[in-house]
Structure formats: C-alpha cells, structure tokens
>>> print(open('coords14.cif').read())   # mmCIF, C-alpha atoms
data_run
loop_
_atom_site.label_atom_id
_atom_site.label_comp_id
_atom_site.auth_asym_id
_atom_site.auth_seq_id
_atom_site.Cartn_x
_atom_site.Cartn_y
_atom_site.Cartn_z
CA MET A 297 0.00 0.00 0.00
CA PRO A 298 1.20 3.54 -0.67
CA GLN A 299 2.43 5.64 2.20
CA LEU A 300 3.39 9.25 2.62
CA PRO A 301 6.97 9.94 3.70
CA GLU A 302 7.12 9.91 7.52
CA SER A 303 7.60 13.68 7.95
CA ILE A 304 4.70 14.52 5.58
CA TRP A 305 2.46 11.91 7.26
CA ARG A 306 3.21 13.40 10.70
CA ARG A 307 2.45 16.90 9.39
CA ARG A 308 -0.83 15.62 7.94
CA LEU A 309 -1.75 14.07 11.31
CA GLU A 310 -1.01 17.37 13.05
CA ASN A 311 -3.11 19.29 10.51
CA GLU A 312 -6.02 16.86 10.93
CA PHE A 313 -5.88 17.34 14.71
CA LEU A 314 -5.79 21.13 14.38
CA ALA A 315 -8.72 21.12 11.91
CA LEU A 316 -10.86 19.06 14.31
CA GLU A 317 -9.88 21.33 17.18
CA SER A 318 -10.66 24.53 15.27
CA ASP A 319 -14.02 23.20 14.02
CA GLY A 320 -15.41 23.76 17.52
CA SER A 321 -18.50 21.60 16.99
CA ILE A 322 -16.66 18.29 17.31
CA LYS A 323 -15.85 16.92 20.76
CA PHE A 324 -12.99 14.44 20.74
CA GLU A 325 -10.05 12.93 22.56
CA SER A 326 -6.83 11.90 20.86
CA ASN A 327 -3.83 9.79 21.75
CA PHE A 328 -0.41 11.44 21.97
CA ASP A 329 0.66 10.70 18.39
CA LYS A 330 -2.73 11.78 16.96
CA THR A 331 -3.43 8.43 15.28
CA SER A 332 -6.43 7.42 17.39
CA TYR A 333 -9.50 9.51 18.17
CA VAL A 334 -12.60 8.97 20.25
CA ILE A 335 -15.32 11.24 18.91
CA SER A 336 -18.33 12.17 21.08
CA ILE A 337 -21.55 12.64 19.14
CA ASN A 338 -24.51 14.17 20.94
CA SER A 339 -27.25 13.10 18.53
CA PRO A 340 -30.10 10.65 19.09
CA ALA A 341 -29.38 7.00 18.43
CA LEU A 342 -31.34 3.89 19.27
CA HIS A 343 -30.03 1.04 21.36
CA GLN A 344 -31.54 -2.20 22.58
CA THR A 345 -32.38 -2.66 26.22
CA PRO A 346 -34.06 -5.64 27.89
CA SER A 347 -37.35 -3.74 27.73
CA GLY A 348 -37.03 -2.73 24.04
CA LEU A 349 -35.49 0.10 22.09
CA SER A 350 -34.64 3.44 23.65
CA LYS A 351 -32.87 6.61 22.58
CA ARG A 352 -29.47 7.68 23.77
CA PHE A 353 -27.59 10.89 23.07
CA ASP A 354 -24.09 10.09 24.30
CA ASN A 355 -22.49 8.23 21.41
CA LYS A 356 -18.80 7.47 21.00
CA VAL A 357 -16.95 6.47 17.84
CA GLN A 358 -13.30 5.50 17.52
CA ILE A 359 -11.31 6.47 14.44
CA ASP A 360 -7.85 5.01 13.98
CA LEU A 361 -5.48 6.42 11.37
CA LYS A 362 -3.11 3.73 10.16
CA ARG A 363 0.34 4.28 8.66
CA ASP A 364 -1.07 4.24 5.11
CA TYR A 365 -3.47 7.11 5.92
CA PRO A 366 -4.62 9.19 3.96
CA TYR A 367 -4.84 6.56 1.23
CA PRO A 368 -7.81 4.17 0.86
CA GLY A 369 -7.90 1.63 3.69
CA GLY A 370 -5.80 3.88 5.90
CA LEU A 371 -8.42 4.42 8.57
CA GLU A 372 -10.73 2.31 10.66
CA VAL A 373 -14.00 3.46 12.19
CA ALA A 374 -15.78 1.62 15.01
CA TRP A 375 -18.82 2.56 17.09
CA LEU A 376 -18.02 2.18 20.81
CA THR A 377 -21.40 2.70 22.48
CA PRO A 378 -24.28 0.23 22.06
CA ILE A 379 -26.37 1.12 19.02
CA PHE A 380 -29.24 -0.24 16.94
CA HIS A 381 -28.73 1.13 13.44
CA PRO A 382 -28.91 -0.46 9.99
CA ASN A 383 -25.52 0.90 8.91
CA ILE A 384 -23.61 0.00 12.08
CA ARG A 385 -22.98 -3.60 13.10
CA GLN A 386 -23.88 -4.16 16.76
CA ILE A 387 -21.33 -6.93 17.34
CA ASP A 388 -18.16 -5.00 16.51
CA GLY A 389 -19.30 -1.42 15.79
CA LYS A 390 -18.19 -1.54 12.15
CA VAL A 391 -19.61 1.47 10.31
CA CYS A 392 -20.80 1.37 6.69
CA ILE A 393 -20.12 4.76 5.14
CA ARG A 394 -19.86 5.27 1.40
CA LEU A 395 -17.21 7.91 2.09
CA LEU A 396 -14.90 5.20 3.46
CA ASN A 397 -15.45 2.99 0.41
CA LYS A 398 -14.76 5.84 -2.01
CA TRP A 399 -12.03 7.47 0.03
CA SER A 400 -9.60 9.91 -1.55
CA ALA A 401 -6.50 11.43 -0.03
CA SER A 402 -8.01 14.93 -0.29
CA GLN A 403 -10.72 14.10 2.26
CA THR A 404 -10.12 14.88 5.89
CA LEU A 405 -10.85 13.49 9.31
CA THR A 406 -13.41 16.28 9.74
CA ASP A 407 -15.17 14.98 6.59
CA ILE A 408 -15.33 11.51 8.15
CA VAL A 409 -16.77 12.81 11.43
CA LYS A 410 -19.45 14.77 9.58
CA ALA A 411 -20.27 11.71 7.45
CA ILE A 412 -20.62 9.61 10.62
CA GLN A 413 -22.99 12.20 12.08
CA SER A 414 -25.00 12.15 8.86
CA VAL A 415 -25.24 8.34 8.87
CA LEU A 416 -26.42 8.44 12.48
CA GLU A 417 -29.14 10.99 11.70
CA ASN A 418 -30.17 9.40 8.38
CA PRO A 419 -30.26 5.60 8.66
CA ASN A 420 -30.17 3.84 5.28
CA PRO A 421 -31.96 0.48 5.54
CA ASP A 422 -31.19 -0.23 1.86
CA ASP A 423 -27.44 -0.64 2.54
CA PRO A 424 -27.42 -2.52 5.86
CA LEU A 425 -24.75 -4.08 8.03
CA ASP A 426 -27.48 -4.96 10.56
CA ARG A 427 -30.46 -6.56 8.83
CA GLU A 428 -32.66 -6.55 11.94
CA ALA A 429 -32.16 -2.79 12.33
CA ALA A 430 -32.78 -2.34 8.59
CA ASP A 431 -36.14 -4.13 8.93
CA TYR A 432 -37.01 -1.90 11.88
CA PHE A 433 -36.18 1.32 10.00
CA ARG A 434 -38.15 0.16 6.97
CA GLN A 435 -41.17 -0.35 9.27
CA ASN A 436 -40.49 2.93 11.11
CA PRO A 437 -38.85 5.40 8.70
CA ASP A 438 -39.46 8.32 11.10
CA ALA A 439 -38.14 6.54 14.19
CA MET A 440 -35.31 9.04 14.70
CA LYS A 441 -37.79 11.95 14.68
CA ALA A 442 -40.20 10.35 17.19
CA SER A 443 -39.90 11.38 20.83
CA ALA A 444 -39.75 7.71 21.84
CA ALA A 445 -38.62 4.74 19.77
CA PRO A 446 -41.58 2.93 18.19
CA GLU A 447 -41.95 -0.71 19.19
CA PHE A 448 -40.11 -3.16 16.98
CA LYS A 449 -42.59 -5.70 15.68
CA LYS A 450 -40.66 -8.83 14.84
CA PRO A 451 -42.33 -11.59 12.83
CA ARG A 452 -43.79 -14.34 14.96
CA ILE A 453 -42.34 -17.78 14.48
CA ILE A 454 -44.73 -20.64 15.17
CA ILE A 455 -43.28 -24.10 15.63
CA ARG A 456 -45.61 -27.07 15.53
#
>>> encode(input="coords14.cif", output="structure tokens")
Amino acid sequence: MPQLPESIWRRRLENEFLALESDGSIKFESNFDKTSYVISINSPALHQTPSGLSKRFDNKVQIDLKRDYPYPGGLEVAWLTPIFHPNIRQIDGKVCIRLLNKWSASQTLTDIVKAIQSVLENPNPDDPLDREAADYFRQNPDAMKASAAPEFKKPRIIIR
C-alpha cells in the first residue's frame, strides 16, 4: 500500500488534529501521536435494552489512522457505544459509510466525522450491516424523529 513519507504523514496528522480542534462543533479525545480519536456525538441514536429500544444521546466512535493514511484503507471506524442502526454492526461497531469505500487522499478526518454524524441521523436500511435494524427502520422510517422509539414488531415464528 502507498504511504506518505514519515515527515509529511506526521504533518498531515497534526493538521487533521488542528482542523478538528478549530471546528469547535466536534468533541474528541486523541492519543499522543494523533493516530487514534474517540469522537463524542450528541445526537439521538437507538439502542436495545431488555425492555425494548430506547434513545441515547451520548455516542462514541473510535477512528484510527493507520500508517497508510490518507490513502484508501488507511483508517478504521468503530462505534463504541451500544447502538441499533442499519448501517452500524452491533457486534463490533463496524460502520458502513460510502465515504470510506470511495475514500480519496483529499478528504479529511473532519469529513469523516461529519459523514458519521449524517449516517447516524439518516439511517439507510437499503445498505445494511445490521439486517434486523434495517427491517425496523423500513417499518419505522421516522423513528429518529419520534420522541420515543416505536416498538419493533418482529415476525412471529410458530413451531408445531
């Protein structure tokens, strides 16, 4: 895989950090070498509880910039807080974002964070990583706008 020369890569990491910091709307924590970020997103998201689905507003996402960043495949995104969303896999937090699949070196970490926020606010049940959540959002397309999460009506299975 292609890689930037070490000094240019380090400068890019520093610039990405400074851009996030100057944005002002993005809350985040970073490791010392600015290759790993935990982003806090204060937007509604659904998660499963023993009594059903409920909304939460304190979401955390981890973004890791690998040595081949900013080239395609150079970053990993994982949801850290429990979530019920068609484009985020509950088991490992893998996030399905078209921006990651069509990544170009001119895009920035700020672009990724804004894309993650957009995916959270606009679930796409037609491109799912979680089929159960996709079924739910097809049944309840306005679930994110409702004050409380509508009940998830799963098909009944009858065994004779």
>>> closest_residue(input="coords14.cif", among="A:Ile304, A:Ala430, A:Ile393, A:Ile408", to="A:Leu316", atoms="all atoms listed in the file")
A:Ile408
>>> resolve_selection(input="coords14.cif", expression="the PyMOL selection byres ((chain A and resi 360) around 12)", output="ChimeraX atom specification")
/A:309,325-327,329-335,357-359,361-366,369-375,405,408
>>> closest_residue(input="coords14.cif", among="A:Ile337, A:Ala401, A:Val415, A:Cys392", to="A:Arg308", atoms="all atoms listed in the file")
A:Ala401
>>> closest_residue(input="coords14.cif", among="A:Ala445, A:Ala429, A:Met440, A:Ile412", to="A:Ile379", atoms="all atoms listed in the file")
A:Ala429
>>> residues_around(input="coords14.cif", residues="A:Ala444", least_positions_apart="6", cutoff="10 Å", atoms="only C-alpha atoms", output="VMD selection string")
chain A and resid 342 349 to 351
>>> build_atoms(input="coords14.cif", residues="stretch 372-390 of chain A", atoms="N, CA and C atoms", output="short mmCIF file (atom, residue, chain, number, x, y, z; two decimals), in the coordinates of the input")
data_model
loop_
_atom_site.label_atom_id
_atom_site.label_comp_id
_atom_site.auth_asym_id
_atom_site.auth_seq_id
_atom_site.Cartn_x
_atom_site.Cartn_y
_atom_site.Cartn_z
N GLU A 372 -9.70 3.23 10.17
CA GLU A 372 -10.73 2.31 10.66
C GLU A 372 -11.68 3.08 11.55
N VAL A 373 -12.97 2.80 11.41
CA VAL A 373 -14.00 3.46 12.19
C VAL A 373 -14.81 2.40 12.92
N ALA A 374 -14.98 2.58 14.22
CA ALA A 374 -15.78 1.62 15.01
C ALA A 374 -16.62 2.38 16.03
N TRP A 375 -17.90 1.99 16.12
CA TRP A 375 -18.82 2.56 17.09
C TRP A 375 -18.53 1.92 18.43
N LEU A 376 -18.38 2.71 19.49
CA LEU A 376 -18.02 2.18 20.81
C LEU A 376 -19.22 1.97 21.73
N THR A 377 -20.23 2.81 21.60
CA THR A 377 -21.40 2.70 22.48
C THR A 377 -22.43 1.78 21.83
N PRO A 378 -23.25 1.10 22.64
CA PRO A 378 -24.28 0.23 22.06
C PRO A 378 -25.20 1.03 21.14
N ILE A 379 -25.53 0.42 19.99
CA ILE A 379 -26.37 1.12 19.02
C ILE A 379 -27.17 0.11 18.21
N PHE A 380 -28.36 0.54 17.81
CA PHE A 380 -29.24 -0.24 16.94
C PHE A 380 -29.46 0.61 15.70
N HIS A 381 -28.74 0.29 14.64
CA HIS A 381 -28.73 1.13 13.44
C HIS A 381 -28.44 0.23 12.24
N PRO A 382 -29.12 0.44 11.12
CA PRO A 382 -28.91 -0.46 9.99
C PRO A 382 -27.52 -0.39 9.38
N ASN A 383 -26.82 0.73 9.54
CA ASN A 383 -25.52 0.90 8.91
C ASN A 383 -24.34 0.74 9.87
N ILE A 384 -24.64 0.23 11.07
CA ILE A 384 -23.61 0.00 12.08
C ILE A 384 -23.84 -1.38 12.67
N ARG A 385 -22.83 -2.23 12.60
CA ARG A 385 -22.98 -3.60 13.10
C ARG A 385 -22.85 -3.60 14.63
N GLN A 386 -23.85 -4.16 15.30
CA GLN A 386 -23.88 -4.16 16.76
C GLN A 386 -22.72 -4.94 17.37
N ILE A 387 -22.34 -6.04 16.76
CA ILE A 387 -21.33 -6.93 17.34
C ILE A 387 -19.98 -6.25 17.51
N ASP A 388 -19.50 -5.57 16.46
CA ASP A 388 -18.16 -5.00 16.51
C ASP A 388 -18.11 -3.49 16.25
N GLY A 389 -19.27 -2.86 16.01
CA GLY A 389 -19.30 -1.42 15.79
C GLY A 389 -18.83 -0.98 14.42
N LYS A 390 -18.63 -1.91 13.51
CA LYS A 390 -18.19 -1.54 12.15
C LYS A 390 -19.23 -0.61 11.53
#
